[in-house]
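Below is entry_17.cif, which holds mmCIF, C-alpha atoms, pLDDT in the B column; chains and numbers go by the auth columns.
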```
data_final
#
loop_
_atom_site.group_PDB
_atom_site.id
_atom_site.type_symbol
_atom_site.label_atom_id
_atom_site.label_comp_id
_atom_site.label_asym_id
_atom_site.label_seq_id
_atom_site.Cartn_x
_atom_site.Cartn_y
_atom_site.Cartn_z
_atom_site.B_iso_or_equiv
_atom_site.auth_seq_id
_atom_site.auth_asym_id
ATOM 1 C CA MET A 1 -65.908 0.450 -39.676 83.00 175 X
ATOM 2 C CA THR A 2 -64.077 -1.861 -37.283 88.00 176 X
ATOM 3 C CA THR A 3 -62.050 0.003 -34.667 95.00 177 X
ATOM 4 C CA ALA A 4 -59.219 -0.795 -32.290 96.00 178 X
ATOM 5 C CA GLY A 5 -61.783 -0.779 -29.483 95.00 179 X
ATOM 6 C CA ASP A 6 -63.770 -3.479 -31.289 95.00 180 X
ATOM 7 C CA ILE A 7 -60.886 -5.946 -31.545 94.00 181 X
ATOM 8 C CA MET A 8 -58.865 -5.198 -28.401 95.00 182 X
ATOM 9 C CA HIS A 9 -58.630 -7.408 -25.360 90.00 183 X
ATOM 10 C CA ARG A 10 -60.310 -5.503 -22.538 91.00 184 X
ATOM 11 C CA GLY A 11 -59.051 -5.467 -18.990 84.00 185 X
ATOM 12 C CA ALA A 12 -55.404 -4.713 -19.723 89.00 186 X
ATOM 13 C CA GLN A 13 -53.451 -3.522 -16.697 92.00 187 X
ATOM 14 C CA TRP A 14 -50.430 -1.296 -16.244 92.00 188 X
ATOM 15 C CA ILE A 15 -47.314 -2.274 -14.389 95.00 189 X
ATOM 16 C CA PRO A 16 -45.970 0.846 -12.668 96.00 190 X
ATOM 17 C CA ALA A 17 -42.398 1.702 -13.695 96.00 191 X
ATOM 18 C CA HIS A 18 -41.222 1.361 -10.073 96.00 192 X
ATOM 19 C CA GLU A 19 -42.469 -2.250 -9.736 97.00 193 X
ATOM 20 C CA THR A 20 -39.927 -5.047 -9.851 97.00 194 X
ATOM 21 C CA LEU A 21 -39.714 -7.626 -12.614 97.00 195 X
ATOM 22 C CA ASP A 22 -40.597 -10.459 -10.262 96.00 196 X
ATOM 23 C CA ARG A 23 -43.885 -8.663 -9.513 97.00 197 X
ATOM 24 C CA ALA A 24 -44.395 -8.091 -13.238 97.00 198 X
ATOM 25 C CA ALA A 25 -43.921 -11.816 -13.898 97.00 199 X
ATOM 26 C CA GLN A 26 -46.482 -12.624 -11.189 97.00 200 X
ATOM 27 C CA LEU A 27 -48.975 -10.200 -12.718 96.00 201 X
ATOM 28 C CA MET A 28 -48.410 -11.684 -16.179 95.00 202 X
ATOM 29 C CA ARG A 29 -49.149 -15.130 -14.743 95.00 203 X
ATOM 30 C CA GLU A 30 -52.304 -13.892 -12.962 94.00 204 X
ATOM 31 C CA LEU A 31 -53.594 -12.180 -16.126 92.00 205 X
ATOM 32 C CA ASN A 32 -52.364 -14.930 -18.470 91.00 206 X
ATOM 33 C CA VAL A 33 -50.558 -12.424 -20.708 91.00 207 X
ATOM 34 C CA GLY A 34 -47.060 -12.131 -22.121 91.00 208 X
ATOM 35 C CA ALA A 35 -46.747 -8.351 -21.995 92.00 209 X
ATOM 36 C CA LEU A 36 -47.680 -5.426 -19.794 94.00 210 X
ATOM 37 C CA PRO A 37 -47.727 -1.718 -20.588 95.00 211 X
ATOM 38 C CA ILE A 38 -45.448 0.213 -18.226 95.00 212 X
ATOM 39 C CA SER A 39 -46.848 3.398 -16.690 93.00 213 X
ATOM 40 C CA ASP A 40 -45.124 6.365 -15.161 91.00 214 X
ATOM 41 C CA GLU A 41 -46.331 8.006 -11.941 90.00 215 X
ATOM 42 C CA ASN A 42 -49.082 9.814 -13.910 88.00 216 X
ATOM 43 C CA GLU A 43 -50.379 6.590 -15.479 84.00 217 X
ATOM 44 C CA ARG A 44 -48.929 7.545 -18.866 88.00 218 X
ATOM 45 C CA LEU A 45 -47.447 4.922 -21.139 91.00 219 X
ATOM 46 C CA CYS A 46 -43.650 4.803 -20.906 91.00 220 X
ATOM 47 C CA GLY A 47 -42.969 1.333 -22.329 92.00 221 X
ATOM 48 C CA ILE A 48 -44.012 -2.261 -22.792 93.00 222 X
ATOM 49 C CA LEU A 49 -42.556 -5.123 -20.777 94.00 223 X
ATOM 50 C CA THR A 50 -42.626 -8.638 -22.232 93.00 224 X
ATOM 51 C CA ASP A 51 -41.933 -11.994 -20.670 94.00 225 X
ATOM 52 C CA ARG A 52 -38.978 -12.238 -23.049 93.00 226 X
ATOM 53 C CA ASP A 53 -37.604 -8.929 -21.717 94.00 227 X
ATOM 54 C CA ILE A 54 -37.604 -10.391 -18.209 96.00 228 X
ATOM 55 C CA VAL A 55 -35.838 -13.587 -19.249 95.00 229 X
ATOM 56 C CA VAL A 56 -33.372 -12.273 -21.834 95.00 230 X
ATOM 57 C CA GLY A 57 -32.833 -8.733 -20.562 94.00 231 X
ATOM 58 C CA CYS A 58 -32.638 -9.513 -16.863 95.00 232 X
ATOM 59 C CA VAL A 59 -32.305 -13.152 -15.787 95.00 233 X
ATOM 60 C CA ALA A 60 -30.054 -14.325 -18.652 95.00 234 X
ATOM 61 C CA VAL A 61 -27.546 -11.551 -17.976 96.00 235 X
ATOM 62 C CA GLY A 62 -27.380 -12.315 -14.265 96.00 236 X
ATOM 63 C CA HIS A 63 -29.546 -9.511 -12.902 96.00 237 X
ATOM 64 C CA ASP A 64 -31.970 -10.051 -10.047 97.00 238 X
ATOM 65 C CA PRO A 65 -35.636 -9.649 -11.098 97.00 239 X
ATOM 66 C CA ALA A 66 -36.472 -8.747 -7.483 97.00 240 X
ATOM 67 C CA ARG A 67 -34.152 -5.715 -7.757 97.00 241 X
ATOM 68 C CA THR A 68 -34.713 -4.671 -11.377 97.00 242 X
ATOM 69 C CA THR A 69 -37.695 -2.438 -12.148 97.00 243 X
ATOM 70 C CA ALA A 70 -40.033 -2.419 -15.111 96.00 244 X
ATOM 71 C CA GLY A 71 -38.963 1.148 -15.809 94.00 245 X
ATOM 72 C CA GLU A 72 -35.343 0.048 -16.192 94.00 246 X
ATOM 73 C CA MET A 73 -36.454 -2.259 -19.010 91.00 247 X
ATOM 74 C CA ALA A 74 -38.479 0.410 -20.867 85.00 248 X
ATOM 75 C CA LYS A 75 -36.652 1.318 -24.069 80.00 249 X
ATOM 76 C CA GLY A 76 -37.478 3.462 -27.055 78.00 250 X
ATOM 77 C CA THR A 77 -40.672 5.322 -27.796 84.00 251 X
ATOM 78 C CA PRO A 78 -43.753 3.347 -26.789 88.00 252 X
ATOM 79 C CA ARG A 79 -46.365 2.893 -29.511 93.00 253 X
ATOM 80 C CA TRP A 80 -50.114 2.961 -28.871 95.00 254 X
ATOM 81 C CA ILE A 81 -53.378 3.430 -30.744 97.00 255 X
ATOM 82 C CA ASP A 82 -56.549 5.341 -29.963 97.00 256 X
ATOM 83 C CA ALA A 83 -59.583 3.151 -29.275 97.00 257 X
ATOM 84 C CA ASP A 84 -61.486 4.841 -32.121 97.00 258 X
ATOM 85 C CA ALA A 85 -58.766 4.222 -34.721 97.00 259 X
ATOM 86 C CA ASP A 86 -59.742 2.173 -37.761 94.00 260 X
ATOM 87 C CA VAL A 87 -58.361 -1.370 -37.863 92.00 261 X
ATOM 88 C CA GLY A 88 -56.322 -0.373 -40.917 91.00 262 X
ATOM 89 C CA GLU A 89 -54.469 2.130 -38.730 95.00 263 X
ATOM 90 C CA VAL A 90 -53.890 -0.603 -36.143 94.00 264 X
ATOM 91 C CA LEU A 91 -52.350 -2.897 -38.753 91.00 265 X
ATOM 92 C CA ARG A 92 -50.238 -0.086 -40.193 91.00 266 X
ATOM 93 C CA GLU A 93 -48.906 0.936 -36.777 93.00 267 X
ATOM 94 C CA MET A 94 -48.017 -2.633 -35.851 91.00 268 X
ATOM 95 C CA ARG A 95 -46.484 -3.388 -39.254 88.00 269 X
ATOM 96 C CA GLU A 96 -44.460 -0.163 -39.559 89.00 270 X
ATOM 97 C CA HIS A 97 -42.993 -0.526 -36.084 89.00 271 X
ATOM 98 C CA GLN A 98 -42.766 -4.330 -36.161 86.00 272 X
ATOM 99 C CA ILE A 99 -44.684 -4.795 -32.955 87.00 273 X
ATOM 100 C CA ARG A 100 -46.876 -7.683 -31.894 87.00 274 X
ATOM 101 C CA ARG A 101 -48.760 -6.036 -29.039 91.00 275 X
ATOM 102 C CA LEU A 102 -50.312 -2.605 -29.053 95.00 276 X
ATOM 103 C CA PRO A 103 -51.837 -0.735 -26.086 96.00 277 X
ATOM 104 C CA VAL A 104 -55.200 0.886 -26.767 96.00 278 X
ATOM 105 C CA ILE A 105 -55.791 4.291 -25.187 94.00 279 X
ATOM 106 C CA ARG A 106 -58.980 6.344 -24.758 93.00 280 X
ATOM 107 C CA ASP A 107 -58.914 9.761 -23.102 91.00 281 X
ATOM 108 C CA LYS A 108 -55.290 9.199 -22.006 86.00 282 X
ATOM 109 C CA ARG A 109 -56.246 5.982 -20.172 89.00 283 X
ATOM 110 C CA LEU A 110 -55.364 2.385 -20.972 93.00 284 X
ATOM 111 C CA VAL A 111 -58.518 0.534 -22.044 94.00 285 X
ATOM 112 C CA GLY A 112 -57.083 -2.570 -23.690 95.00 286 X
ATOM 113 C CA MET A 113 -54.365 -4.317 -25.658 95.00 287 X
ATOM 114 C CA ILE A 114 -54.298 -5.719 -29.160 95.00 288 X
ATOM 115 C CA SER A 115 -52.205 -8.835 -29.674 91.00 289 X
ATOM 116 C CA GLU A 116 -51.635 -11.245 -32.536 87.00 290 X
ATOM 117 C CA ALA A 117 -54.397 -13.454 -31.137 87.00 291 X
ATOM 118 C CA ASP A 118 -56.864 -10.546 -31.285 90.00 292 X
ATOM 119 C CA LEU A 119 -55.988 -9.933 -34.932 88.00 293 X
ATOM 120 C CA VAL A 120 -56.525 -13.595 -35.801 86.00 294 X
ATOM 121 C CA ARG A 121 -59.911 -13.643 -34.053 88.00 295 X
ATOM 122 C CA HIS A 122 -61.253 -10.527 -35.741 85.00 296 X
ATOM 123 C CA LEU A 123 -59.655 -10.018 -39.136 82.00 297 X
ATOM 124 C CA ALA A 124 -59.870 -11.597 -42.567 82.00 298 X
ATOM 125 C CA LYS A 125 -57.092 -13.981 -43.640 85.00 299 X
ATOM 126 C CA ASP A 126 -55.721 -11.576 -46.239 84.00 300 X
ATOM 127 C CA GLN A 127 -55.429 -8.795 -43.645 81.00 301 X
ATOM 128 C CA ILE A 128 -53.591 -11.129 -41.265 81.00 302 X
ATOM 129 C CA ALA A 129 -51.269 -12.378 -44.013 83.00 303 X
ATOM 130 C CA SER A 130 -50.326 -8.846 -45.024 81.00 304 X
ATOM 131 C CA TRP A 131 -49.724 -7.849 -41.415 79.00 305 X
ATOM 132 C CA ALA A 132 -47.638 -10.960 -40.667 81.00 306 X
ATOM 133 C CA GLU A 133 -45.514 -10.453 -43.749 81.00 307 X
ATOM 134 C CA GLY A 134 -44.739 -6.888 -42.701 79.00 308 X
ATOM 135 C CA VAL A 135 -43.970 -7.739 -39.078 78.00 309 X
ATOM 136 C CA TYR A 136 -42.070 -11.001 -39.544 78.00 310 X
ATOM 137 C CA ALA A 137 -40.369 -10.624 -42.933 71.00 311 X
ATOM 138 C CA SER A 138 -37.771 -8.103 -41.814 58.00 312 X
ATOM 139 C CA THR A 139 -37.200 -9.795 -38.434 51.00 313 X
ATOM 140 C CA ALA A 140 -36.417 -13.050 -40.229 49.00 314 X
ATOM 141 C CA MET A 141 -33.661 -11.266 -42.158 46.00 315 X
ATOM 142 C CA ARG A 142 -31.825 -10.145 -39.008 44.00 316 X
#
```

Can the structure in the file be given as structure tokens, please?
Amino acid sequence: MTTAGDIMHRGAQWIPAHETLDRAAQLMRELNVGALPISDENERLCGILTDRDIVVGCVAVGHDPARTTAGEMAKGTPRWIDADADVGEVLREMREHQIRRLPVIRDKRLVGMISEADLVRHLAKDQIASWAEGVYASTAMR
């Protein structure tokens, strides 16, 4: 059985909710990633921040990324998966919630992230096709 822990990208890092978006952008550049999980003061997941969130949700509307925090951008209920979850559960979670990046948690701690690239590297073509159809089909209709 392939698990979330088997396919995740290790070394994911939190961005604390109190950190500014300019710092988040710097961290994304350093880590070469397009998204960061946002943590509260207890290192619990409270959101996901994407590079698109910074551009569209902050800069494009005239806000200052040096004065806007990651926590201000956190919206909705964050989704995550346990490191021991079967890859089928990973695909279902991502498909049902139309998400492209999924934090992986073990013992209440962030241990990795699963992105589209991770799916492509580790899954069969039919699994990827089914996942992509579920994630992108309804977004294309919007």

Å distance separating CA of Arg218 (chain X) from CA of Val278 (chain X), one decimal place:
12.1 Å

Any chance you could work out the residue set of the PyMOL selection byres ((chain X and resi 280) around 6) here, as a list in words?
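Here the PyMOL selection byres ((chain X and resi 280) around 6) matches Asp256, Ala257, Ile279, Asp281, Lys282 and Arg283 of chain X.
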
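Relative to CA of Arg241 (chain X), CA of Gly286 (chain X) is found at 28.1 Å.
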
Evaluate the PyMOL selection byres ((chain X and resi 264) around 12) and report residues as a PyMOL selection string:
chain X and resi 176-182+253-263+265-278+287-290+292-293+297+301-302+305

Take CA of His192 (chain X) and CA of Glu215 (chain X) and report the distance between them in Å, one decimal.
8.6 Å

Taking only C-alpha atoms into account, which of X:Asp196, X:Asp300, X:Glu217, X:Glu307 comes nearest Ala244 (chain X)?
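Nearest to Ala244 (chain X): X:Asp196.
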
Give the padded box for region 193-208 of chain X as lines of an AutoDock Vina configuration file: axis-aligned, covering all atoms listed in the file, 3 Å on each side, centre and edge lengths in Å to one decimal.
```
center_x = -46.7
center_y = -8.7
center_z = -15.8
size_x = 19.9
size_y = 18.9
size_z = 18.6
```

When you count all atoms listed in the file, which of these residues is closest to Gly245 (chain X): X:Gln187, X:Asn206, X:Thr194, X:Thr224?
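So, comparing all the options, the nearest one is X:Thr194.
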